[in-house]
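To keep things clear, I will list the structure first and then write my remarks on it.
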Amino acid sequence: MKCFNIESQKHILYIAPNTPTQPIPSILNNVELANRKGNEVPLSWGVGAGGKETRDPKEIQNGGGLLPLGGTEISGGYKGYGLNVMIEVFCGILGGAHWGPNVRKWMNTTEEADLGQCFIAIDPDAFAPGFQGRLQEFMDTLRNLPTTDESKSVEVAGDMERRHEELVKQVGGIPYHPNQITFINDLAKDLGIKPAQTL
């Protein structure tokens with residue numbers, strides 16, 4: 001991991017492109033969610049306190065950190081590292097906000113976050129005409145690519161979230177893992193408020 005600074009990976013960097021054709025829902029903290037569910041995460045997601053890759057979300061959250069997109073250097077993570085640097089420049093340095101190791105640590109609520117954000121609006125009409133049609137054709141092409149598992153299909157950003165929205169409509173509520181319900185009710189007890197009611 002010679003090209004990664006462990007300290008600079010202890011916060012979350014997101015890129016969420018959005019177009020009128022393909023809105024993308026908010027990104028959830030999958031490591032925290034896996035921890036609450038008692039699940040492992042893929043090996044390329046994070047490291048423990050010593051900088052070694054781990055599948056244990058507790059190790060990632062408690063003294064470890066996230067790896068850049070792509071994982072370690074051997075699996076192309078240097079590209080994700082470069083992407084992270086670009087995000088730090090746009091969101092932290094350009095906006096005068098905290099950046100890299102200066103961002104408060106994960107789950108810390110005693111310091112001000114001072115998180116910078118950068119929103120870039122691009123008018124597709126300033127380029128070649130027909131952007132939305134070409135984008136839709138591109139996404140349809142991706143969705144129709146052959147897969148190694150015929151029971152699954154290639155998806156684009158937002159497909160999984162739309163499936164979940166349909167599930168929510170079908171069952172008349174948001175399905176939660178039992179560990180998430182326990183976490184919510186423990187938090188409610190700590191705060192002295194009424195626990196969540198389940199259907």
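Identifiers for the structure tokens are assigned positionally: chains receive A, B, ... in sequence, residues are indexed from 1 per chain, and ligands are indexed from 1 in the order shown.
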
Which of chain A fall in strand (DSSP E or B), as a PyMOL selection string: chain A and resi 46-47+53-54+65-66+98+115

Can you check which residues of chain A DSSP gives as alpha helix (DSSP H) on the backbone and send them as a compact mmCIF listing (two decimals) with N, CA, C and O atoms, in the first residue's frame?
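Resulting contents of part-v6.txt:
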```txt
# COMPACT_ATOMS: atom_id res chain seq x y z
N ASN A 30 -22.39 2.07 3.54
CA ASN A 30 -22.52 0.61 3.52
C ASN A 30 -21.67 -0.10 4.56
O ASN A 30 -22.02 -1.18 5.00
N VAL A 31 -20.56 0.50 4.95
CA VAL A 31 -19.73 -0.12 5.99
C VAL A 31 -20.46 -0.09 7.32
O VAL A 31 -20.54 -1.10 8.03
N GLU A 32 -21.03 1.06 7.66
CA GLU A 32 -21.78 1.18 8.91
C GLU A 32 -22.99 0.26 8.90
O GLU A 32 -23.31 -0.40 9.90
N LEU A 33 -23.67 0.19 7.78
CA LEU A 33 -24.85 -0.67 7.65
C LEU A 33 -24.45 -2.14 7.81
O LEU A 33 -25.13 -2.91 8.50
N ALA A 34 -23.35 -2.56 7.19
CA ALA A 34 -22.87 -3.94 7.33
C ALA A 34 -22.53 -4.24 8.78
O ALA A 34 -22.81 -5.33 9.28
N ASN A 35 -21.94 -3.27 9.47
CA ASN A 35 -21.61 -3.45 10.88
C ASN A 35 -22.87 -3.70 11.69
O ASN A 35 -22.93 -4.61 12.51
N ARG A 36 -23.90 -2.89 11.46
CA ARG A 36 -25.16 -3.05 12.22
C ARG A 36 -25.83 -4.37 11.91
O ARG A 36 -26.50 -4.95 12.76
N LYS A 37 -25.69 -4.85 10.68
CA LYS A 37 -26.32 -6.12 10.30
C LYS A 37 -25.48 -7.32 10.71
O LYS A 37 -25.92 -8.45 10.62
N PRO A 57 -16.26 -4.78 9.25
CA PRO A 57 -16.62 -3.35 9.28
C PRO A 57 -16.26 -2.68 10.60
O PRO A 57 -15.96 -1.49 10.63
N LYS A 58 -16.24 -3.45 11.70
CA LYS A 58 -15.86 -2.87 13.00
C LYS A 58 -14.42 -2.39 12.97
O LYS A 58 -14.09 -1.33 13.50
N GLU A 59 -13.54 -3.18 12.34
CA GLU A 59 -12.13 -2.79 12.25
C GLU A 59 -11.96 -1.55 11.38
O GLU A 59 -11.12 -0.70 11.66
N ILE A 60 -12.77 -1.45 10.33
CA ILE A 60 -12.69 -0.28 9.45
C ILE A 60 -13.15 0.96 10.20
O ILE A 60 -12.51 2.02 10.12
N GLN A 61 -14.24 0.85 10.97
CA GLN A 61 -14.80 2.00 11.67
C GLN A 61 -14.00 2.39 12.91
O GLN A 61 -13.99 3.55 13.28
N GLY A 77 -6.22 0.58 -7.27
CA GLY A 77 -6.66 1.60 -6.34
C GLY A 77 -5.97 2.94 -6.51
O GLY A 77 -6.48 3.96 -6.05
N TYR A 78 -4.83 2.95 -7.19
CA TYR A 78 -4.15 4.23 -7.44
C TYR A 78 -5.02 5.15 -8.27
O TYR A 78 -4.93 6.37 -8.16
N LYS A 79 -5.91 4.58 -9.08
CA LYS A 79 -6.83 5.43 -9.85
C LYS A 79 -7.86 6.06 -8.92
O LYS A 79 -8.20 7.23 -9.05
N GLY A 80 -8.35 5.26 -7.97
CA GLY A 80 -9.27 5.80 -6.98
C GLY A 80 -8.59 6.82 -6.08
O GLY A 80 -9.20 7.81 -5.68
N TYR A 81 -7.31 6.59 -5.80
CA TYR A 81 -6.53 7.55 -5.00
C TYR A 81 -6.48 8.90 -5.72
O TYR A 81 -6.71 9.95 -5.12
N GLY A 82 -6.23 8.87 -7.04
CA GLY A 82 -6.21 10.10 -7.82
C GLY A 82 -7.56 10.79 -7.83
O GLY A 82 -7.65 12.02 -7.74
N LEU A 83 -8.62 9.99 -7.90
CA LEU A 83 -9.98 10.54 -7.86
C LEU A 83 -10.24 11.19 -6.49
O LEU A 83 -10.82 12.27 -6.40
N ASN A 84 -9.78 10.53 -5.42
CA ASN A 84 -9.92 11.10 -4.08
C ASN A 84 -9.21 12.45 -3.96
O ASN A 84 -9.72 13.38 -3.35
N VAL A 85 -8.01 12.52 -4.53
CA VAL A 85 -7.25 13.77 -4.48
C VAL A 85 -8.03 14.88 -5.18
O VAL A 85 -8.14 16.01 -4.69
N MET A 86 -8.59 14.56 -6.35
CA MET A 86 -9.38 15.55 -7.08
C MET A 86 -10.57 16.04 -6.24
O MET A 86 -10.85 17.23 -6.18
N ILE A 87 -11.24 15.10 -5.56
CA ILE A 87 -12.39 15.48 -4.73
C ILE A 87 -11.94 16.36 -3.57
O ILE A 87 -12.61 17.34 -3.22
N PHE A 131 -28.23 14.66 -26.12
CA PHE A 131 -27.56 14.04 -24.97
C PHE A 131 -28.44 13.00 -24.29
O PHE A 131 -28.00 11.88 -24.03
N GLN A 132 -29.68 13.35 -23.95
CA GLN A 132 -30.53 12.44 -23.19
C GLN A 132 -30.78 11.14 -23.94
O GLN A 132 -30.77 10.06 -23.36
N GLY A 133 -31.00 11.22 -25.25
CA GLY A 133 -31.21 10.01 -26.04
C GLY A 133 -29.97 9.14 -26.08
O GLY A 133 -30.07 7.91 -25.94
N ARG A 134 -28.81 9.76 -26.26
CA ARG A 134 -27.56 8.99 -26.27
C ARG A 134 -27.28 8.37 -24.91
O ARG A 134 -26.83 7.23 -24.82
N LEU A 135 -27.55 9.13 -23.85
CA LEU A 135 -27.33 8.61 -22.50
C LEU A 135 -28.25 7.42 -22.24
O LEU A 135 -27.81 6.40 -21.69
N GLN A 136 -29.51 7.53 -22.63
CA GLN A 136 -30.44 6.42 -22.44
C GLN A 136 -30.00 5.20 -23.23
O GLN A 136 -30.04 4.07 -22.73
N GLU A 137 -29.53 5.41 -24.46
CA GLU A 137 -29.04 4.30 -25.27
C GLU A 137 -27.83 3.64 -24.61
O GLU A 137 -27.69 2.42 -24.59
N PHE A 138 -26.94 4.46 -24.04
CA PHE A 138 -25.75 3.95 -23.34
C PHE A 138 -26.17 3.09 -22.15
O PHE A 138 -25.68 1.97 -21.97
N MET A 139 -27.11 3.59 -21.32
CA MET A 139 -27.55 2.83 -20.15
C MET A 139 -28.27 1.54 -20.57
O MET A 139 -28.08 0.49 -19.95
N ASP A 140 -29.08 1.62 -21.61
CA ASP A 140 -29.76 0.42 -22.10
C ASP A 140 -28.76 -0.61 -22.61
O ASP A 140 -28.92 -1.82 -22.39
N THR A 141 -27.70 -0.14 -23.27
CA THR A 141 -26.65 -1.04 -23.75
C THR A 141 -25.98 -1.74 -22.57
O THR A 141 -25.75 -2.95 -22.60
N LEU A 142 -25.66 -0.97 -21.52
CA LEU A 142 -25.04 -1.56 -20.33
C LEU A 142 -25.96 -2.61 -19.71
O LEU A 142 -25.53 -3.71 -19.37
N ARG A 143 -27.24 -2.27 -19.57
CA ARG A 143 -28.19 -3.19 -18.94
C ARG A 143 -28.36 -4.49 -19.75
O ARG A 143 -28.72 -5.51 -19.19
N ASP A 159 -30.66 1.62 -10.33
CA ASP A 159 -31.53 0.47 -10.57
C ASP A 159 -31.88 -0.25 -9.27
O ASP A 159 -33.04 -0.58 -9.01
N MET A 160 -30.87 -0.52 -8.44
CA MET A 160 -31.10 -1.22 -7.18
C MET A 160 -32.02 -0.41 -6.27
O MET A 160 -32.92 -0.95 -5.64
N GLU A 161 -31.81 0.91 -6.25
CA GLU A 161 -32.63 1.76 -5.40
C GLU A 161 -34.09 1.79 -5.87
O GLU A 161 -35.01 1.78 -5.06
N ARG A 162 -34.29 1.77 -7.18
CA ARG A 162 -35.67 1.74 -7.70
C ARG A 162 -36.35 0.42 -7.35
O ARG A 162 -37.54 0.39 -7.02
N ARG A 163 -35.61 -0.69 -7.39
CA ARG A 163 -36.17 -1.99 -6.97
C ARG A 163 -36.59 -1.93 -5.52
O ARG A 163 -37.63 -2.44 -5.13
N HIS A 164 -35.74 -1.29 -4.70
CA HIS A 164 -36.06 -1.19 -3.28
C HIS A 164 -37.30 -0.31 -3.06
O HIS A 164 -38.13 -0.61 -2.21
N GLU A 165 -37.43 0.76 -3.83
CA GLU A 165 -38.62 1.61 -3.73
C GLU A 165 -39.88 0.80 -4.04
O GLU A 165 -40.91 0.96 -3.38
N GLU A 166 -39.80 -0.07 -5.05
CA GLU A 166 -40.95 -0.91 -5.39
C GLU A 166 -41.27 -1.87 -4.25
O GLU A 166 -42.43 -2.11 -3.93
N LEU A 167 -40.22 -2.44 -3.63
CA LEU A 167 -40.43 -3.34 -2.49
C LEU A 167 -41.12 -2.60 -1.35
O LEU A 167 -42.05 -3.13 -0.73
N VAL A 168 -40.69 -1.37 -1.08
CA VAL A 168 -41.29 -0.57 -0.02
C VAL A 168 -42.77 -0.35 -0.29
O VAL A 168 -43.62 -0.46 0.60
N LYS A 169 -43.11 -0.07 -1.55
CA LYS A 169 -44.52 0.12 -1.92
C LYS A 169 -45.32 -1.17 -1.72
O LYS A 169 -46.44 -1.15 -1.23
N GLN A 170 -44.70 -2.30 -2.11
CA GLN A 170 -45.40 -3.58 -2.01
C GLN A 170 -45.68 -3.98 -0.57
O GLN A 170 -46.76 -4.47 -0.26
N VAL A 171 -44.69 -3.79 0.32
CA VAL A 171 -44.87 -4.24 1.70
C VAL A 171 -45.46 -3.15 2.60
O VAL A 171 -45.76 -3.41 3.76
N PRO A 178 -33.19 -6.93 11.61
CA PRO A 178 -33.46 -6.90 13.07
C PRO A 178 -32.39 -6.15 13.87
O PRO A 178 -32.71 -5.47 14.85
N ASN A 179 -31.13 -6.24 13.45
CA ASN A 179 -30.07 -5.51 14.16
C ASN A 179 -30.24 -3.99 14.04
O ASN A 179 -29.88 -3.24 14.95
N GLN A 180 -30.78 -3.55 12.90
CA GLN A 180 -31.04 -2.11 12.74
C GLN A 180 -32.14 -1.66 13.69
O GLN A 180 -32.06 -0.58 14.27
N ILE A 181 -33.17 -2.48 13.85
CA ILE A 181 -34.26 -2.15 14.78
C ILE A 181 -33.71 -2.08 16.21
O ILE A 181 -34.03 -1.16 16.97
N THR A 182 -32.87 -3.04 16.56
CA THR A 182 -32.25 -3.02 17.89
C THR A 182 -31.43 -1.76 18.09
O THR A 182 -31.52 -1.11 19.14
N PHE A 183 -30.65 -1.37 17.09
CA PHE A 183 -29.83 -0.16 17.18
C PHE A 183 -30.72 1.07 17.38
O PHE A 183 -30.45 1.91 18.23
N ILE A 184 -31.80 1.17 16.59
CA ILE A 184 -32.71 2.32 16.68
C ILE A 184 -33.36 2.38 18.07
O ILE A 184 -33.45 3.44 18.69
N ASN A 185 -33.79 1.22 18.56
CA ASN A 185 -34.46 1.19 19.87
C ASN A 185 -33.48 1.47 21.01
O ASN A 185 -33.84 2.12 22.00
N ASP A 186 -32.25 0.98 20.89
CA ASP A 186 -31.23 1.31 21.90
C ASP A 186 -30.95 2.81 21.91
O ASP A 186 -30.80 3.42 22.97
N LEU A 187 -30.87 3.41 20.72
CA LEU A 187 -30.64 4.85 20.61
C LEU A 187 -31.81 5.62 21.22
O LEU A 187 -31.61 6.59 21.96
N ALA A 188 -33.03 5.17 20.94
CA ALA A 188 -34.22 5.82 21.50
C ALA A 188 -34.19 5.75 23.03
O ALA A 188 -34.50 6.74 23.71
N LYS A 189 -33.80 4.61 23.56
CA LYS A 189 -33.71 4.45 25.02
C LYS A 189 -32.68 5.41 25.61
O LYS A 189 -32.92 6.07 26.61
N ASP A 190 -31.50 5.50 24.94
CA ASP A 190 -30.44 6.40 25.41
C ASP A 190 -30.91 7.86 25.38
O ASP A 190 -30.50 8.66 26.22
N LEU A 191 -31.74 8.20 24.40
CA LEU A 191 -32.21 9.58 24.25
C LEU A 191 -33.49 9.85 25.05
O LEU A 191 -33.97 10.98 25.09
```

Interatomic distance, CA of Gly96 (chain A) to CA of Gly116 (chain A) (Å, one decimal): 7.4 Å

Contacts of Arg104 (chain A) within 9 Å, only C-alpha atoms, excl. fewer than 5 positions in-chain, as a PyMOL selection string: chain A and resi 10-11+98+109-115
